[in-house]
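Chemist: Below is the structure I would like to discuss, written out as structure tokens.
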Amino acid sequence: MSENNPDFNNLHAWDKDFVWHAFTQMAEYEPLLIERGEGVYLFDTDGNRYIDGSASMWCNVHGHRHPRLDAAITTQLTKVAHTTNLGLSNPTTVRLAQRLADITPSGLEKVFFSSDGSSATEAALKIAFQYWHQSEREERNVSPNQTTHRTKFVSLGEAYHGDTLGAIGVGGVDRFTSIFSPLTFEAIRVPGPGMTASMSSSGDGGPRIDASSQRTTAAATLHELENLFENQGNEIAALIMEPLVQAAGGILVHPPGFLRAVRELTQRFNILLILDEIAVGFGRTGTMFACEKEDVSPDILCLGKGLTAGYLPMAATMTTAAIWNQFLGSHKDGRAFYHGHTFGGNPLAAAVALESLKLFDEENLLEQLPERIQELHDHVARIAKLPHVGDTRQCGLVAGIDLVANKDSGCPYPWEKKMGTVACLAARQHGALLRQLGDTVVIMPPLSISTSELGELIDAAETAIVETTEGAVNIPIGSLQS
Ligand SMILES: *Cc1c(COP(=O)(O)O)cnc(C)c1O
């Protein structure tokens, strides 16, 4: 029991003193220590129970402490915890690679393992770059040092592909990344559907457009992409995007047909398509992979988060055989992909990822999602009627709820009021852990959540939103985290 631990009283102080938390203003941080989990619930060191409304940052799939997942790790532990995948392999990782090639859309056959999503997108960008470098060198017979043409990347406004320098170069959430712009390469950014040009450049979360006008904006995005490809297509290595939902950008849901149309454009202009399914892969949108919904298979696919059911850090960059073939040759050709991560392909992570895929099958997880998705839809429709709720968006088992100062005009709250943050902190008092994106409250529970647990989660969110927008929450200002 934690109370018997002599360190217990120190932990809150040590958390503030020693731990630098991600995306957190540490001067204002108030600790909450989660000690254990069970299914969709998490318990803090005081024994309080919370429903895990953010799936522990969008990665938990089957709930916490699933006996089968726990057992998969302990079984692997009886063999080996870690060996390197630099020129060496192990049976568990090999099996996972084979399974991934099997379940991902056709054409994706090769798996490059790393340890987190940002690394998976970095690898994707470098693979795309080197692919063109080597294929053009071959075609035009130029010397290895001569620069080639296809060196540019295209991404969407409000895109999020991770926090490392390459990933923020193609990212579009300026409020996170603008100060690092001198250190990054500039991708060509095209405003995505569901946002205005001013919103994508200021990144301050201004009013969004509604669903009826969204199609025009999707058409505008496609038109801009087509122009860009026509004029500069032979300089562009790849387009990278999150299919169906731009998650960290504010749960921006693309209209049906958009992904398919982007895919057709990239094919027409011979530009590689990198799909970042780190947030939406593994069932989040209702199908195993989001791109299946539009019958799209990318040239490169990035996976992370739900890959290990949210248990251990692991990510993967998958490619077609056509890309892989451009890296083949003899040692002296120098065509290998000189890139790697110490823990890439870690056997413990691979073991739990394999078991998670088995659970998808044996527990018929995907078949159970439509009912949960409909339930979420009904709840969100109810919350949408609240006086300070503006736009709401949903795709599969993820929803975004915008808090606004004025429902009719969609006018946002002043950002200093941190209404989204306050609402999510208030939800803790009602037994739910939620995470905001600006003034958007995000609902992204483990996929295993039952309809009654989902009801409990949304009730907590609704109560917190009402309290917050009616000025009834009293959260000490010191505990406001950005
Ligand atoms: C979370 C996320 C990443 C980054 O993954 P990390 O494991 O946090 O590095 C990249 N792309 C998308 C779409 C994500 O949601």
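Naming works like this for the structure tokens: A, B, ... for the chains as they're shown, residue 1 at the start of each chain, ligands 1 onward in shown order.
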Please provide as a list of chain:residue names all residues within 6 Å of stretch 408-414 of chain A, with the sequence filter that same-chain residues fewer than 3 positions apart are discarded (counting only C-alpha atoms).

Modeler: A:Pro207, A:Gly390, A:Val404, A:Ala405, A:Lys417

Chemist: Show which residues sit within 10 Å of stretch 363-377 of chain A, as a PyMOL selection string. Count only C-alpha atoms, and ignore same-chain residues fewer than 3 positions away.

Modeler: chain A and resi 61-62+282-288+357-360+380-383+393-399+443+447-452+454-455+458

Chemist: Set the distance at 10 Å and use only C-alpha atoms: which residues neighbour stretch 10-17 of chain A once local chain neighbours fewer than 4 positions away are removed? I'd like the list as number ranges by chain.

Modeler: A: 5-6, 21, 26-33, 45

Chemist: Create the file for the chosen residues now, containing N, CA, C and O atoms and written as an mmCIF file, in the first residue's frame.

Modeler:
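Written output follows (again_1.cif):
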data_model
loop_
_atom_site.group_PDB
_atom_site.id
_atom_site.type_symbol
_atom_site.label_atom_id
_atom_site.label_comp_id
_atom_site.auth_asym_id
_atom_site.auth_seq_id
_atom_site.Cartn_x
_atom_site.Cartn_y
_atom_site.Cartn_z
ATOM 1 N N ASN A 5 4.408 3.346 2.421
ATOM 2 C CA ASN A 5 5.693 3.640 1.817
ATOM 3 C C ASN A 5 6.218 4.940 2.432
ATOM 4 O O ASN A 5 5.565 5.978 2.365
ATOM 5 N N PRO A 6 7.402 4.890 3.031
ATOM 6 C CA PRO A 6 7.924 6.098 3.683
ATOM 7 C C PRO A 6 8.132 7.253 2.705
ATOM 8 O O PRO A 6 8.132 8.409 3.101
ATOM 9 N N HIS A 21 7.641 17.709 -16.946
ATOM 10 C CA HIS A 21 6.522 17.093 -17.653
ATOM 11 C C HIS A 21 6.344 17.669 -19.058
ATOM 12 O O HIS A 21 6.586 18.856 -19.294
ATOM 13 N N MET A 26 5.766 24.108 -15.839
ATOM 14 C CA MET A 26 6.115 23.516 -14.552
ATOM 15 C C MET A 26 5.938 24.479 -13.378
ATOM 16 O O MET A 26 5.758 24.049 -12.239
ATOM 17 N N ALA A 27 5.949 25.780 -13.657
ATOM 18 C CA ALA A 27 5.723 26.737 -12.566
ATOM 19 C C ALA A 27 4.302 26.637 -12.028
ATOM 20 O O ALA A 27 4.024 27.066 -10.911
ATOM 21 N N GLU A 28 3.405 26.089 -12.837
ATOM 22 C CA GLU A 28 1.996 26.020 -12.439
ATOM 23 C C GLU A 28 1.513 24.597 -12.206
ATOM 24 O O GLU A 28 0.336 24.371 -11.941
ATOM 25 N N TYR A 29 2.424 23.646 -12.317
ATOM 26 C CA TYR A 29 2.016 22.237 -12.275
ATOM 27 C C TYR A 29 1.634 21.778 -10.871
ATOM 28 O O TYR A 29 2.345 22.028 -9.912
ATOM 29 N N GLU A 30 0.491 21.109 -10.776
ATOM 30 C CA GLU A 30 0.095 20.446 -9.529
ATOM 31 C C GLU A 30 0.053 18.939 -9.774
ATOM 32 O O GLU A 30 -0.673 18.476 -10.652
ATOM 33 N N PRO A 31 0.816 18.166 -9.006
ATOM 34 C CA PRO A 31 0.928 16.729 -9.286
ATOM 35 C C PRO A 31 -0.382 15.950 -9.122
ATOM 36 O O PRO A 31 -1.186 16.275 -8.250
ATOM 37 N N LEU A 32 -0.551 14.991 -9.987
ATOM 38 C CA LEU A 32 -1.566 13.948 -9.788
ATOM 39 C C LEU A 32 -0.838 12.659 -10.136
ATOM 40 O O LEU A 32 -0.358 12.499 -11.260
ATOM 41 N N LEU A 33 -0.725 11.768 -9.171
ATOM 42 C CA LEU A 33 0.070 10.559 -9.380
ATOM 43 C C LEU A 33 -0.835 9.354 -9.550
ATOM 44 O O LEU A 33 -1.548 8.965 -8.631
ATOM 45 N N THR A 45 -2.736 7.894 -6.131
ATOM 46 C CA THR A 45 -2.087 7.391 -4.921
ATOM 47 C C THR A 45 -2.975 7.555 -3.687
ATOM 48 O O THR A 45 -2.701 6.973 -2.644
#

Chemist: List all protein, DNA and RNA residues that have at least one atom no more than 6 Å from any atom of ligand 1, counting only C-alpha atoms and all ligand atoms, and write them as an MDAnalysis selection string.

Modeler: chainID A and resid 116:118 160:162 242 276 278:279

Chemist: Report as a count of residues only: the residues of stretch 234-281 of chain A with a DSSP assignment of alpha helix (DSSP H), based on the backbone of this structure.

Modeler: 11

Chemist: Write out as a list in words each polymer residue whose atoms come within 12 Å of A:Lys79, counting only C-alpha atoms; drop sequence neighbours fewer than 4 positions from it.

Modeler: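 Here the answer would be Ala72, Ile73, Thr74, Thr75, Thr83, Asn90, Pro91, Thr92, Pro347, Leu348 and Ala351 of chain A.
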
Chemist: Check the smallest atom-to-atom distance from each of A:Gln326, A:Ser155, A:Ser56, A:Thr463 to A:Arg435 using only C-alpha atoms, then report the winner.

Modeler: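 Checking each of A:Gln326, A:Ser155, A:Ser56, A:Thr463 against A:Arg435, counting only C-alpha atoms, the winner is A:Ser56.
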
Chemist: Would you mind listing what lies within 12 Å of A:Arg335 as a ChimeraX atom specification, with only C-alpha atoms counted and same-chain residues fewer than 5 positions away left out?

Modeler: /A:127,130-135,137-138,144,323-330

Chemist: Name the residues in contact with A:Ala123 at a cut-off of 12 Å, using only C-alpha atoms, excluding same-chain residues fewer than 2 positions from it; report them as number ranges by chain.

Modeler: A: 111-121, 125-131, 161-162, 164, 166-167, 274, 276, 300-303, 315-319, 337-341, 344

Chemist: Could you turn the residues from that selection into a file that holds C-alpha atoms, as a compact mmCIF listing (two decimals), in the first residue's frame?

Modeler:
# COMPACT_ATOMS: atom_id res chain seq x y z
CA VAL A 111 8.56 -2.69 -41.57
CA PHE A 112 11.14 -0.35 -40.04
CA PHE A 113 10.80 -0.37 -36.23
CA SER A 114 11.52 2.53 -33.89
CA SER A 115 10.45 3.47 -30.39
CA ASP A 116 8.02 6.39 -30.72
CA GLY A 117 5.78 8.10 -33.22
CA SER A 118 8.07 11.06 -33.86
CA SER A 119 10.85 8.66 -34.82
CA ALA A 120 8.47 6.84 -37.16
CA THR A 121 7.73 10.07 -39.03
CA LEU A 125 10.77 11.55 -44.24
CA LYS A 126 14.34 10.30 -44.52
CA ILE A 127 13.26 7.17 -46.40
CA ALA A 128 11.26 9.27 -48.88
CA PHE A 129 14.18 11.65 -49.37
CA GLN A 130 16.75 8.90 -49.83
CA TYR A 131 14.40 6.98 -52.11
CA HIS A 161 3.58 14.55 -36.82
CA GLY A 162 5.61 14.61 -33.60
CA THR A 164 11.46 16.10 -33.15
CA GLY A 166 12.08 16.85 -38.78
CA ALA A 167 8.58 16.15 -37.56
CA ILE A 274 3.11 9.21 -46.32
CA ASP A 276 0.64 9.16 -40.36
CA ILE A 300 4.68 4.87 -46.50
CA LEU A 301 2.64 4.30 -43.34
CA CYS A 302 3.57 5.48 -39.83
CA LEU A 303 2.26 3.56 -36.83
CA ALA A 315 6.51 2.57 -33.55
CA ALA A 316 6.83 1.41 -37.13
CA THR A 317 7.39 2.91 -40.55
CA MET A 318 6.06 0.65 -43.28
CA THR A 319 6.88 0.91 -46.97
CA PHE A 337 19.21 3.20 -44.80
CA TYR A 338 21.76 4.41 -42.27
CA HIS A 339 19.31 5.16 -39.51
CA GLY A 340 18.28 3.30 -36.37
CA HIS A 341 17.13 3.41 -32.78
CA GLY A 344 13.74 -0.40 -32.34

Chemist: Check the smallest atom-to-atom distance from each of A:Leu42, A:Ala261, A:Gly53, A:Ala81 to A:Ala461 using only C-alpha atoms, then report the winner.

Modeler: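 Of the candidates, the smallest distance to A:Ala461 is held by A:Gly53.
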
Chemist: Could you write out, as a list in words, all the residues of stretch 365-471 of chain A that DSSP marks as strand (DSSP E)?

Modeler: Val389, Gly390, Asp391, Thr392, Arg393, Gln394, Cys395, Val398, Ala399, Gly400, Ile401, Asp402, Leu403, Ala432, Leu433, Arg435, Gln436, Leu437, Thr440, Val441, Val442 and Ile443 of chain A

Chemist: Suppose you want the space between atom CA of A:Val389 and atom CA of A:Asn406; what is it in Å?

Modeler: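 Spanning atom CA of A:Val389 to atom CA of A:Asn406 is a straight-line distance of 8.5 Å.
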
Chemist: Just want the 8 Å neighbourhood of A:Cys59, counted on only C-alpha atoms, with same-chain residues fewer than 5 positions away dropped. Output as a short mmCIF file (atom, residue, chain, number, x, y, z; two decimals) with all heavy atoms, in the first residue's frame.

Modeler:
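What landed in out-v4.cif:
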data_model
loop_
_atom_site.label_atom_id
_atom_site.label_comp_id
_atom_site.auth_asym_id
_atom_site.auth_seq_id
_atom_site.Cartn_x
_atom_site.Cartn_y
_atom_site.Cartn_z
N ALA A 279 -2.06 8.28 -34.57
CA ALA A 279 -3.23 8.49 -33.69
C ALA A 279 -4.44 7.69 -34.13
O ALA A 279 -5.21 7.21 -33.30
CB ALA A 279 -3.58 9.97 -33.63
N LYS A 305 1.58 4.76 -31.07
CA LYS A 305 0.54 4.77 -30.05
C LYS A 305 -0.15 3.42 -29.82
O LYS A 305 0.32 2.61 -29.04
CB LYS A 305 -0.48 5.87 -30.37
CG LYS A 305 0.12 7.27 -30.18
CD LYS A 305 -0.91 8.36 -30.14
CE LYS A 305 -0.33 9.68 -29.66
NZ LYS A 305 0.01 10.63 -30.70
N GLY A 306 -1.26 3.14 -30.52
CA GLY A 306 -2.04 1.92 -30.28
C GLY A 306 -1.36 0.64 -30.73
O GLY A 306 -1.89 -0.46 -30.49
N LEU A 307 -0.21 0.74 -31.39
CA LEU A 307 0.48 -0.47 -31.89
C LEU A 307 0.71 -1.50 -30.79
O LEU A 307 0.52 -2.70 -31.00
CB LEU A 307 1.82 -0.04 -32.54
CG LEU A 307 2.84 -1.10 -32.93
CD1 LEU A 307 2.28 -2.11 -33.92
CD2 LEU A 307 4.09 -0.44 -33.52
N ALA A 309 -1.03 -1.49 -28.02
CA ALA A 309 -2.23 -1.33 -27.20
C ALA A 309 -1.99 -0.30 -26.08
O ALA A 309 -2.69 -0.29 -25.08
CB ALA A 309 -2.71 -2.66 -26.62
N GLY A 310 -0.97 0.53 -26.26
CA GLY A 310 -0.67 1.55 -25.26
C GLY A 310 0.15 1.03 -24.10
O GLY A 310 0.24 1.66 -23.06
N PRO A 446 -10.17 4.38 -24.25
CA PRO A 446 -9.77 3.07 -24.78
C PRO A 446 -10.91 2.48 -25.61
O PRO A 446 -12.09 2.68 -25.27
CB PRO A 446 -9.54 2.23 -23.52
CG PRO A 446 -9.25 3.22 -22.44
CD PRO A 446 -10.06 4.43 -22.78
#

Chemist: Hey, which of A:Ser89, A:Thr392, A:Gln98, A:Gln25 ends up closest to A:Gly194? Count only C-alpha atoms.

Modeler: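 Selected residue with least distance to A:Gly194: A:Thr392.
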
Chemist: Quick one: pull the distance between atom CA of A:Leu425 and atom CA of A:Tyr41, Å, one decimal.

Modeler: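 Between atom CA of A:Leu425 and atom CA of A:Tyr41 the gap works out to 16.7 Å.
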
Chemist: Find the residue from A:Leu273, A:Val296, A:Leu183, A:Ile236 that sits nearest to A:Arg260; use only C-alpha atoms when measuring.

Modeler: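 Answer, going by the shortest atom-to-atom distance: A:Val296.
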
Chemist: So what do you get for atom CA of A:Pro387 versus atom CA of A:Glu462, distance-wise?

Modeler: 11.8 Å

Chemist: When you count only C-alpha atoms, which of these residues is closest to A:Val173: A:Gly233, A:Gly438, A:Pro243, A:Pro256?

Modeler: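 Under the stated criterion, the closest residue is A:Gly438.
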